[in-house]
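Undergrad: Sharing a structure, written as structure tokens. Questions coming.
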Amino acid sequence: MNHSDEIIFTIFVIFSGAAVLATLALYARQTLLIAYIALGILLGPSVLGIVKNHDFIQQVSDIGIMFLLFLLGLNLNPNKLLGLFKDATLYTFISSLVFILIGYVCAYALGFNQIECLVIAGSMAFSSTIISLKLLPTTVLHHKRMGELIISILLLQDLLAISMLLLLHSRADVSEAGSNDLIQLIIALPLLIVFTLYFSKYVLSYLFRKFDKILEYIFLVAIGWCLGISELAAWVGLSHEIGAFIAGVSIATGPISLFIAESLKPLRDFFLIIFFFAIGAGFQLDILSEVILPALLIAGIVIIIKPITFKILFIKFGAEKSSTANEIGFRLGHLSEFSILLGALALNVSVIGEQAAYLIHISTIITFVVSSYIVVLKFPSPIAISDHLRRD
């Protein structure tokens, strides 16, 4: 099978298999995310080995994350975003310290060395942007304080995660390059924000006004802007995801942003299905017996402690209602795709061993599944099992 045939076959088995398992999941009253992850495990290298081009799947799924963050940015006015960060900094800082401390103690008790304990602890500081936003109804995301708080916390956590990834790069090459990377991040981020805001204001806004009746053109320019700024962000040392978010924020004040957001939803969902499949496909069953009990312990602690911690913080410092604080806690009660990235990079640069890396990977997947299931059962979401909780 040549390369192009392999790609077509891979997409075919992913979406055909996802359709079958999603149907079974709905009849069994399960969330669709579980179906996508389970399909990845089944078709991936550890079980049937039907899908072998894991790098291609991962690269395509990353585009889904970029579109998700682009759409998120489209609904956040830049002035409002600064206010959100101000409100969420305290929550993010305190909760991250709590989770890092708990993670370190757990990893130490499990017998990992000091560096591995630090990496495992760091991986516990984040909640998944993808899971949280995927399960958040549009009405909550755009118009309610709950959505604003969740978004701001997740974005601050993402910036923290990027900083940790840079530190790992510098740990691999202990030289001037490590500190230069961090300085580059500090300089590049504000410059990129200023460039995108001014370019959007004086160029994109003019083009959107002039050709606003040609919807195909608007759609095309929006995708080009998203991918272009994502690539520029990566070129200056940031991540594609941060670039996509900044691109969305830069055109959020325009009236055309609502049309763009609605138009890109199907495209986003296409890539996100591949993202969740890729998570399952990366599951290594051959090492599962070695780390399953520690992973269940870590995942159980995350699922229990994270909602409680966020609830206490929101009630104590934010004067939120108990029901609102409780829901926010459960919606953030999982690990993150950045946790997997952190563990994988630490393994690649020989900072941690294989067992620690797969402990992070498997713990993250368990929290994805369990936390998603809890949210889908208890709170409104676009993929809720019961009709009265389903909100798009």
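Labeling convention for the structure tokens: chains A, B, ... as they appear, residues from 1 per chain, ligands from 1 in order of appearance.
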Residues at most 9 Å from A:Leu68, counting only C-alpha atoms, excluding those fewer than 6 positions away in the same chain, as a ChimeraX atom specification?
TA: /A:130,133-134,241,244-245,265,268-269,272
Undergrad: Identify, on the basis of only C-alpha atoms, every residue whose closest approach to A:Leu296 does not exceed 9 Å; exclude the query and any residue fewer than 4 positions from it along the same chain; express the result as a PyMOL selection string.
TA: chain A and resi 291-292+300-301+362-363+366
Undergrad: Return as a Markdown table the residues of stretch 87-156 of chain A lying at most 6 Å from stretch 332-346 of chain A, together with the closest atom-to-atom pair for each and the distance in Å to one decimal, counting only C-alpha atoms, with rows in chain order and ascending residue number.
TA:
| residue | atom | partner | partner_atom | distance |
| --- | --- | --- | --- | --- |
| A:Ser123 | CA | A:Ser339 | CA | 4.4 |
| A:Phe126 | CA | A:Ser336 | CA | 5.5 |
| A:Ser127 | CA | A:Ser336 | CA | 4.6 |
| A:Ser128 | CA | A:Ser336 | CA | 3.7 |
Undergrad: Can you pull out every residue within 9 Å of A:Gly282, counting only C-alpha atoms, but drop anything in the same chain fewer than 2 positions away, and send it as a tab-separated table (two decimals) with N, CA and C atoms, in the first residue's frame?
TA:
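Heads up, here's the output in out.tsv:
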chain	number	residue	atom	x	y	z
A	40	GLY	N	-9.52	4.03	19.10
A	40	GLY	CA	-8.08	4.21	18.95
A	40	GLY	C	-7.30	3.08	19.58
A	41	ILE	N	-7.72	2.66	20.78
A	41	ILE	CA	-7.06	1.53	21.45
A	41	ILE	C	-7.21	0.26	20.62
A	44	GLY	N	-5.30	0.64	17.18
A	44	GLY	CA	-3.90	1.05	17.30
A	44	GLY	C	-2.93	-0.09	17.40
A	45	PRO	N	-1.65	0.23	17.55
A	45	PRO	CA	-0.58	-0.78	17.53
A	45	PRO	C	-0.69	-1.83	18.63
A	46	SER	N	-1.31	-1.48	19.76
A	46	SER	CA	-1.32	-2.39	20.90
A	46	SER	C	-2.30	-3.54	20.77
A	54	HIS	N	0.89	6.48	13.15
A	54	HIS	CA	0.49	7.28	14.30
A	54	HIS	C	0.93	8.72	14.18
A	277	PHE	N	-9.15	9.83	18.85
A	277	PHE	CA	-8.68	8.53	18.34
A	277	PHE	C	-7.17	8.39	18.60
A	278	ALA	N	-6.41	9.48	18.36
A	278	ALA	CA	-4.97	9.44	18.55
A	278	ALA	C	-4.60	9.17	20.00
A	279	ILE	N	-5.38	9.69	20.93
A	279	ILE	CA	-5.13	9.43	22.35
A	279	ILE	C	-5.23	7.93	22.64
A	280	GLY	N	-6.27	7.31	22.11
A	280	GLY	CA	-6.43	5.88	22.30
A	280	GLY	C	-5.36	5.07	21.60
A	284	GLN	N	-0.41	2.05	25.28
A	284	GLN	CA	0.51	0.91	25.18
A	284	GLN	C	0.09	-0.19	26.15
A	361	HIS	N	0.63	9.10	30.88
A	361	HIS	CA	-0.24	8.88	29.71
A	361	HIS	C	-1.52	8.14	30.11
Undergrad: Which residues come within 7 Å of A:Tyr108, counting only C-alpha atoms, excluding same-chain residues fewer than 4 positions away, as a PyMOL selection string?
TA: chain A and resi 104+112+117
Undergrad: Which one is closest to A:Asp55: A:Phe317, A:Tyr373, A:Phe211, A:Phe275? Count only C-alpha atoms.
TA: A:Phe275
